[in-house]
$ cat model.pdb   # PDB, C-alpha atoms
ATOM      1  CA  MET A 103       0.000   0.000   0.000
ATOM      2  CA  GLY A 104       1.368   3.408  -0.987
ATOM      3  CA  THR A 105       1.994   6.196   1.486
ATOM      4  CA  ARG A 106      -1.003   8.222   0.248
ATOM      5  CA  GLN A 107      -3.338   5.231   0.482
ATOM      6  CA  GLN A 108      -1.998   4.393   3.939
ATOM      7  CA  ALA A 109      -2.614   7.973   5.093
ATOM      8  CA  ARG A 110      -6.211   7.792   3.788
ATOM      9  CA  GLU A 111      -6.791   4.522   5.642
ATOM     10  CA  GLU A 112      -5.362   5.966   8.867
ATOM     11  CA  THR A 113      -7.587   9.046   8.542
ATOM     12  CA  ARG A 114     -10.620   6.858   7.849
ATOM     13  CA  ALA A 115      -9.847   4.760  10.934
ATOM     14  CA  ARG A 116      -9.543   7.904  13.112
ATOM     15  CA  VAL A 117     -12.881   9.227  11.823
ATOM     16  CA  VAL A 118     -14.682   5.920  12.363
ATOM     17  CA  GLU A 119     -13.210   5.550  15.865
ATOM     18  CA  ALA A 120     -14.145   9.144  16.772
ATOM     19  CA  ALA A 121     -17.698   8.552  15.538
ATOM     20  CA  ARG A 122     -17.959   5.332  17.573
ATOM     21  CA  GLU A 123     -16.716   7.077  20.713
ATOM     22  CA  LEU A 124     -19.150   9.959  20.355
ATOM     23  CA  PHE A 125     -22.127   7.793  19.378
ATOM     24  CA  GLU A 126     -21.590   5.553  22.396
ATOM     25  CA  GLU A 127     -20.896   8.448  24.779
ATOM     26  CA  ARG A 128     -23.453  11.036  23.643
ATOM     27  CA  GLY A 129     -25.815   9.081  21.435
ATOM     28  CA  TYR A 130     -26.377   9.393  17.721
ATOM     29  CA  ALA A 131     -28.669  12.444  17.735
ATOM     30  CA  ARG A 132     -26.376  14.460  20.011
ATOM     31  CA  SER A 133     -23.232  13.787  17.962
ATOM     32  CA  THR A 134     -22.473  16.079  15.055
ATOM     33  CA  VAL A 135     -20.145  15.820  12.096
ATOM     34  CA  ARG A 136     -18.242  18.784  13.563
ATOM     35  CA  ASP A 137     -17.839  16.923  16.879
ATOM     36  CA  ILE A 138     -16.544  13.870  15.043
ATOM     37  CA  ALA A 139     -14.142  16.017  13.038
ATOM     38  CA  ALA A 140     -12.821  17.744  16.153
ATOM     39  CA  LEU A 141     -12.239  14.456  17.977
ATOM     40  CA  ALA A 142     -10.565  12.878  14.932
ATOM     41  CA  GLY A 143      -8.453  15.977  14.309
ATOM     42  CA  VAL A 144      -9.727  16.479  10.754
ATOM     43  CA  SER A 145     -12.078  18.824   8.927
ATOM     44  CA  ALA A 146     -15.829  18.286   8.645
ATOM     45  CA  GLY A 147     -15.272  17.825   4.902
ATOM     46  CA  THR A 148     -12.848  14.998   5.608
ATOM     47  CA  VAL A 149     -15.450  13.328   7.824
ATOM     48  CA  MET A 150     -18.038  13.629   5.050
ATOM     49  CA  SER A 151     -15.586  12.108   2.564
ATOM     50  CA  VAL A 152     -15.460   9.062   4.851
ATOM     51  CA  GLY A 153     -19.240   9.048   5.265
ATOM     52  CA  ASP A 154     -22.201  10.888   6.692
ATOM     53  CA  LYS A 155     -23.391  10.081  10.225
ATOM     54  CA  ASP A 156     -25.622   7.276   8.956
ATOM     55  CA  ALA A 157     -22.764   5.645   7.069
ATOM     56  CA  LEU A 158     -20.490   5.977  10.098
ATOM     57  CA  LEU A 159     -23.060   4.269  12.336
ATOM     58  CA  VAL A 160     -23.507   1.423   9.834
ATOM     59  CA  ASP A 161     -19.721   1.101   9.638
ATOM     60  CA  MET A 162     -19.510   1.017  13.438
ATOM     61  CA  PHE A 163     -21.992  -1.864  13.767
ATOM     62  CA  ASP A 164     -20.517  -3.745  10.810
ATOM     63  CA  SER A 165     -17.091  -3.472  12.464
ATOM     64  CA  LEU A 166     -18.396  -4.713  15.821
ATOM     65  CA  ILE A 167     -20.158  -7.660  14.165
ATOM     66  CA  ALA A 168     -17.100  -8.468  12.030
ATOM     67  CA  ALA A 169     -14.893  -8.401  15.141
ATOM     68  CA  GLU A 170     -17.078 -11.058  16.793
ATOM     69  CA  HIS A 171     -16.877 -13.246  13.675
ATOM     70  CA  ALA A 172     -13.090 -12.769  13.582
ATOM     71  CA  ARG A 173     -12.833 -13.711  17.251
ATOM     72  CA  ARG A 174     -14.712 -16.923  16.534
ATOM     73  CA  ALA A 175     -12.738 -17.660  13.371
ATOM     74  CA  SER A 176      -9.594 -17.569  15.501
ATOM     75  CA  GLY A 177     -11.054 -20.433  17.532
ATOM     76  CA  THR A 178     -12.020 -18.489  20.646
ATOM     77  CA  GLY A 179     -15.323 -19.777  21.972
ATOM     78  CA  ARG A 180     -16.052 -22.188  19.117
ATOM     79  CA  GLU A 181     -15.864 -25.276  21.334
ATOM     80  CA  ALA A 182     -19.109 -24.315  23.047
ATOM     81  CA  TRP A 183     -21.244 -24.643  19.940
ATOM     82  CA  ALA A 184     -19.400 -26.850  17.470
ATOM     83  CA  ARG A 185     -20.472 -30.283  18.773
ATOM     84  CA  ALA A 186     -24.263 -30.499  18.849
ATOM     85  CA  ALA A 187     -25.588 -34.066  18.814
ATOM     86  CA  SER A 188     -29.364 -33.587  18.530
ATOM     87  CA  PRO A 189     -31.908 -31.193  17.001
ATOM     88  CA  GLU A 190     -32.585 -29.747  20.468
ATOM     89  CA  GLU A 191     -28.887 -29.126  21.070
ATOM     90  CA  CYS A 192     -28.602 -27.524  17.623
ATOM     91  CA  ALA A 193     -31.381 -25.093  18.479
ATOM     92  CA  ALA A 194     -29.902 -24.218  21.875
ATOM     93  CA  ARG A 195     -26.368 -23.838  20.546
ATOM     94  CA  SER A 196     -27.632 -21.727  17.652
ATOM     95  CA  VAL A 197     -29.036 -19.300  20.215
ATOM     96  CA  ASP A 198     -25.620 -19.336  21.909
ATOM     97  CA  LEU A 199     -24.097 -18.564  18.512
ATOM     98  CA  VAL A 200     -26.111 -15.345  18.078
ATOM     99  CA  ARG A 201     -26.120 -14.283  21.753
ATOM    100  CA  PRO A 202     -22.997 -12.078  21.418
ATOM    101  CA  PHE A 203     -24.762 -10.177  18.629
ATOM    102  CA  LEU A 204     -27.954  -9.874  20.671
ATOM    103  CA  ASP A 205     -25.883  -8.453  23.526
ATOM    104  CA  LEU A 206     -24.103  -6.103  21.136
ATOM    105  CA  PHE A 207     -27.446  -4.611  20.057
ATOM    106  CA  ALA A 208     -29.108  -4.701  23.490
ATOM    107  CA  ASN A 209     -26.165  -2.849  25.053
ATOM    108  CA  ARG A 210     -26.542  -0.075  22.460
ATOM    109  CA  LEU A 211     -30.314   0.135  22.274
ATOM    110  CA  GLU A 212     -30.698   3.677  20.905
ATOM    111  CA  LEU A 213     -27.894   3.181  18.406
ATOM    112  CA  ALA A 214     -29.202  -0.238  17.360
ATOM    113  CA  ARG A 215     -32.643   1.174  16.621
ATOM    114  CA  THR A 216     -31.116   3.980  14.565
ATOM    115  CA  TYR A 217     -28.935   1.434  12.746
ATOM    116  CA  GLY A 218     -32.014  -0.637  11.906
ATOM    117  CA  ALA A 219     -33.884   2.428  10.663
ATOM    118  CA  ILE A 220     -30.942   3.379   8.434
ATOM    119  CA  LEU A 221     -30.816  -0.128   6.961
ATOM    120  CA  LEU A 222     -34.574  -0.203   6.369
ATOM    121  CA  SER A 223     -34.431   3.196   4.669
ATOM    122  CA  GLY A 224     -32.149   1.771   2.005
ATOM    123  CA  ARG A 225     -29.909   4.857   2.104
ATOM    124  CA  HIS A 226     -26.882   2.796   3.095
ATOM    125  CA  THR A 227     -25.899  -0.812   2.619
ATOM    126  CA  SER A 228     -24.393  -3.021   5.263
ATOM    127  CA  ALA A 229     -22.074  -5.997   5.231
ATOM    128  CA  VAL A 230     -24.548  -7.576   7.657
ATOM    129  CA  PHE A 231     -26.569  -8.543   4.555
ATOM    130  CA  SER A 232     -23.621  -9.777   2.498
ATOM    131  CA  ALA A 233     -20.206 -10.826   3.846
ATOM    132  CA  LEU A 234     -21.298 -10.893   7.490
ATOM    133  CA  ALA A 235     -24.435 -12.849   6.578
ATOM    134  CA  GLU A 236     -22.243 -15.397   4.801
ATOM    135  CA  CYS A 237     -20.101 -15.728   7.961
ATOM    136  CA  LEU A 238     -23.084 -16.392  10.218
ATOM    137  CA  ILE A 239     -24.711 -18.804   7.761
ATOM    138  CA  ALA A 240     -21.413 -20.732   7.499
ATOM    139  CA  GLU A 241     -21.261 -20.898  11.308
ATOM    140  CA  PHE A 242     -24.835 -22.206  11.438
ATOM    141  CA  ILE A 243     -23.978 -24.843   8.803
ATOM    142  CA  GLU A 244     -20.935 -25.950  10.794
ATOM    143  CA  LEU A 245     -23.163 -26.369  13.832
ATOM    144  CA  LEU A 246     -26.070 -28.069  12.028
ATOM    145  CA  ASP A 247     -24.216 -30.322   9.583
ATOM    146  CA  PRO A 248     -23.307 -33.169  11.997
ATOM    147  CA  VAL A 249     -26.984 -33.583  12.890
ATOM    148  CA  PHE A 250     -28.822 -32.638   9.695
ATOM    149  CA  GLY A 251     -26.329 -33.251   6.875
ATOM    150  CA  GLU A 252     -27.523 -32.051   3.458
ATOM    151  CA  GLY A 253     -30.414 -30.035   4.891
ATOM    152  CA  SER A 254     -28.042 -27.834   6.865
ATOM    153  CA  GLY A 255     -27.634 -25.137   4.198
ATOM    154  CA  ALA A 256     -31.353 -24.398   3.849
ATOM    155  CA  MET A 257     -31.815 -24.544   7.620
ATOM    156  CA  ALA A 258     -28.893 -22.157   8.165
ATOM    157  CA  GLU A 259     -30.405 -19.663   5.719
ATOM    158  CA  ALA A 260     -33.779 -19.941   7.470
ATOM    159  CA  MET A 261     -32.107 -19.374  10.839
ATOM    160  CA  HIS A 262     -30.305 -16.314   9.522
ATOM    161  CA  ALA A 263     -33.572 -14.912   8.147
ATOM    162  CA  ALA A 264     -35.289 -15.584  11.497
ATOM    163  CA  TYR A 265     -32.430 -13.884  13.335
ATOM    164  CA  ILE A 266     -32.471 -10.763  11.130
ATOM    165  CA  GLY A 267     -36.278 -10.605  11.199
ATOM    166  CA  THR A 268     -36.331 -10.885  14.973
ATOM    167  CA  LEU A 269     -33.784  -8.088  15.293
ATOM    168  CA  PHE A 270     -35.987  -5.794  13.240
ATOM    169  CA  MET A 271     -39.110  -6.821  15.198
ATOM    170  CA  TRP A 272     -37.235  -6.147  18.441
ATOM    171  CA  GLY A 273     -36.177  -2.736  17.211
ATOM    172  CA  ALA A 274     -39.721  -1.815  16.203
ATOM    173  CA  ALA A 275     -41.878  -3.545  18.789
ATOM    174  CA  GLY A 276     -39.614  -4.459  21.675
ATOM    175  CA  VAL A 277     -40.151  -8.235  21.453
ATOM    176  CA  ASP A 278     -37.986 -10.409  23.724
ATOM    177  CA  MET A 279     -35.184 -11.153  21.266
ATOM    178  CA  GLU A 280     -33.744 -14.234  22.854
ATOM    179  CA  THR A 281     -37.125 -15.891  23.421
ATOM    180  CA  ALA A 282     -38.277 -15.134  19.878
ATOM    181  CA  ILE A 283     -35.050 -16.388  18.327
ATOM    182  CA  ALA A 284     -35.012 -19.502  20.511
ATOM    183  CA  SER A 285     -38.569 -20.286  19.428
ATOM    184  CA  ALA A 286     -37.744 -19.792  15.742
ATOM    185  CA  PHE A 287     -34.565 -21.874  15.950
ATOM    186  CA  SER A 288     -36.383 -24.680  17.814
ATOM    187  CA  THR A 289     -39.065 -24.742  15.136
ATOM    188  CA  ILE A 290     -36.504 -24.858  12.325
ATOM    189  CA  CYS A 291     -34.470 -27.599  14.022
ATOM    190  CA  ALA A 292     -37.585 -29.651  14.830
ATOM    191  CA  LYS A 293     -38.574 -29.905  11.163
ATOM    192  CA  GLU A 294     -37.941 -33.358   9.808
ATOM    193  CA  GLN A 295     -35.329 -33.299   7.095
ATOM    194  CA  PRO A 296     -35.877 -35.080   3.741
TER     195      PRO A 296
END
$ encode --input "model.pdb" --output "structure tokens"
Amino acid sequence: MGTRQQAREETRARVVEAARELFEERGYARSTVRDIAALAGVSAGTVMSVGDKDALLVDMFDSLIAAEHARRASGTGREAWARAASPEECAARSVDLVRPFLDLFANRLELARTYGAILLSGRHTSAVFSALAECLIAEFIELLDPVFGEGSGAMAEAMHAAYIGTLFMWGAAGVDMETAIASAFSTICAKEQP
């Protein structure tokens, strides 16, 4: 990577980190582009070249979600969910698989609701629907495959859809996330496979 490109990446990282700090400390609505610029030590124009507030919030959540996937890819915590032996265990361990993400959103309630609204608006895209979705689906398949074999791929996609749908329902209506996801995962795992 050239010096200019490296400098751009370092500036981008400072802006994203400043936005995360302010969003978590003050909340989304009370953080301004000027505040982010001041904390990052750049101009407001530089912040906007990285992204508007919505884009910075999406980037923040995508980074937090990606960090959890990276932690698991390194082997940390995988032992707890990689050896299910029955449909019931698959359902329970699938809930364990998404629990860190549920906690991530629950611990940032205001920001999570704003993030969901941004995604639903269609103004910004998120890796949570592409690369991060692929990561979670692959993790579900790894968990389900020893019990369900060939049906694991379709089940993993259904579980991902149930997970994402439940997150949006939680954001809009305040449903109990873990109970709703556990119920959906139990139903999916209880289905007899062809």
$ residues_around --input "model.pdb" --residues "A:Ser151" --least-positions-apart "5" --cutoff "10 Å" --atoms "only C-alpha atoms" --output "list of chain:residue names"
A:Arg114, A:Ser145, A:Ala146
$ write_last_selection --input "model.pdb" --atoms "C-alpha atoms" --output "CSV table (one decimal), in the frame of the given file"
chain,number,residue,atom,x,y,z
A,114,ARG,CA,-10.6,6.9,7.8
A,145,SER,CA,-12.1,18.8,8.9
A,146,ALA,CA,-15.8,18.3,8.6
$ resolve_selection --input "model.pdb" --expression "the PyMOL selection byres ((chain A and resi 260) around 12)" --output "list of chain:residue names"
A:Ala235, A:Leu238, A:Ile239, A:Phe242, A:Ile243, A:Gly253, A:Ser254, A:Gly255, A:Ala256, A:Met257, A:Ala258, A:Glu259, A:Met261, A:His262, A:Ala263, A:Ala264, A:Tyr265, A:Ile266, A:Gly267, A:Ile283, A:Ala286, A:Phe287, A:Ser288, A:Thr289, A:Ile290, A:Cys291, A:Lys293
$ residues_around --input "model.pdb" --residues "stretch 209-220 of chain A" --least-positions-apart "4" --cutoff "12 Å" --atoms "all atoms listed in the file" --output "JSON, numbers by chain"
{"A": [121, 122, 124, 125, 126, 127, 128, 129, 130, 131, 132, 133, 154, 155, 156, 157, 158, 159, 160, 161, 162, 163, 164, 166, 201, 202, 203, 204, 205, 224, 225, 226, 227, 228, 230, 266, 267, 268, 269, 270, 271, 272, 273, 274, 275, 276]}
$ write_last_selection --input "model.pdb" --atoms "C-alpha atoms" --output "JSON list (two decimals), in the coordinates of the input"
[["chain", "number", "residue", "atom", "x", "y", "z"],
["A", 121, "ALA", "CA", -17.70, 8.55, 15.54],
["A", 122, "ARG", "CA", -17.96, 5.33, 17.57],
["A", 124, "LEU", "CA", -19.15, 9.96, 20.36],
["A", 125, "PHE", "CA", -22.13, 7.79, 19.38],
["A", 126, "GLU", "CA", -21.59, 5.55, 22.40],
["A", 127, "GLU", "CA", -20.90, 8.45, 24.78],
["A", 128, "ARG", "CA", -23.45, 11.04, 23.64],
["A", 129, "GLY", "CA", -25.82, 9.08, 21.44],
["A", 130, "TYR", "CA", -26.38, 9.39, 17.72],
["A", 131, "ALA", "CA", -28.67, 12.44, 17.74],
["A", 132, "ARG", "CA", -26.38, 14.46, 20.01],
["A", 133, "SER", "CA", -23.23, 13.79, 17.96],
["A", 154, "ASP", "CA", -22.20, 10.89, 6.69],
["A", 155, "LYS", "CA", -23.39, 10.08, 10.22],
["A", 156, "ASP", "CA", -25.62, 7.28, 8.96],
["A", 157, "ALA", "CA", -22.76, 5.64, 7.07],
["A", 158, "LEU", "CA", -20.49, 5.98, 10.10],
["A", 159, "LEU", "CA", -23.06, 4.27, 12.34],
["A", 160, "VAL", "CA", -23.51, 1.42, 9.83],
["A", 161, "ASP", "CA", -19.72, 1.10, 9.64],
["A", 162, "MET", "CA", -19.51, 1.02, 13.44],
["A", 163, "PHE", "CA", -21.99, -1.86, 13.77],
["A", 164, "ASP", "CA", -20.52, -3.74, 10.81],
["A", 166, "LEU", "CA", -18.40, -4.71, 15.82],
["A", 201, "ARG", "CA", -26.12, -14.28, 21.75],
["A", 202, "PRO", "CA", -23.00, -12.08, 21.42],
["A", 203, "PHE", "CA", -24.76, -10.18, 18.63],
["A", 204, "LEU", "CA", -27.95, -9.87, 20.67],
["A", 205, "ASP", "CA", -25.88, -8.45, 23.53],
["A", 224, "GLY", "CA", -32.15, 1.77, 2.00],
["A", 225, "ARG", "CA", -29.91, 4.86, 2.10],
["A", 226, "HIS", "CA", -26.88, 2.80, 3.10],
["A", 227, "THR", "CA", -25.90, -0.81, 2.62],
["A", 228, "SER", "CA", -24.39, -3.02, 5.26],
["A", 230, "VAL", "CA", -24.55, -7.58, 7.66],
["A", 266, "ILE", "CA", -32.47, -10.76, 11.13],
["A", 267, "GLY", "CA", -36.28, -10.60, 11.20],
["A", 268, "THR", "CA", -36.33, -10.88, 14.97],
["A", 269, "LEU", "CA", -33.78, -8.09, 15.29],
["A", 270, "PHE", "CA", -35.99, -5.79, 13.24],
["A", 271, "MET", "CA", -39.11, -6.82, 15.20],
["A", 272, "TRP", "CA", -37.24, -6.15, 18.44],
["A", 273, "GLY", "CA", -36.18, -2.74, 17.21],
["A", 274, "ALA", "CA", -39.72, -1.82, 16.20],
["A", 275, "ALA", "CA", -41.88, -3.54, 18.79],
["A", 276, "GLY", "CA", -39.61, -4.46, 21.68]]
$ closest_residue --input "model.pdb" --among "A:Gly251, A:Leu245, A:Val135, A:Pro189" --to "A:Ala292" --atoms "all atoms listed in the file"
A:Pro189
$ atom_distance --input "model.pdb" --atom1 "atom CA of A:Ala186" --atom2 "atom CA of A:Ser165"
28.7 Å
$ atom_distance --input "model.pdb" --atom1 "atom CA of A:Leu221" --atom2 "atom CA of A:Ala172"
22.8 Å
$ resolve_selection --input "model.pdb" --expression "the PyMOL selection byres ((chain A and resi 142) around 6)" --output "PyMOL selection string"
chain A and resi 116-117+120+139-141+143-144
$ write_last_selection --input "model.pdb" --atoms "C-alpha atoms" --output "compact mmCIF listing (two decimals), in the frame of the given file"
# COMPACT_ATOMS: atom_id res chain seq x y z
CA ARG A 116 -9.54 7.90 13.11
CA VAL A 117 -12.88 9.23 11.82
CA ALA A 120 -14.14 9.14 16.77
CA ALA A 139 -14.14 16.02 13.04
CA ALA A 140 -12.82 17.74 16.15
CA LEU A 141 -12.24 14.46 17.98
CA GLY A 143 -8.45 15.98 14.31
CA VAL A 144 -9.73 16.48 10.75
$ closest_residue --input "model.pdb" --among "A:Ile138, A:Val277, A:Leu222, A:Ala187" --to "A:Pro248" --atoms "only C-alpha atoms"
A:Ala187
$ atom_distance --input "model.pdb" --atom1 "atom CA of A:Ala193" --atom2 "atom CA of A:Ala240"
15.5 Å
$ axis_aligned_box --input "model.pdb" --around "stretch 262-265 of chain A" --padding-each-side "5 Å" --output "JSON"
{"center_x": -32.8, "center_y": -15.1, "center_z": 10.7, "size_x": 15.0, "size_y": 12.4, "size_z": 15.2}
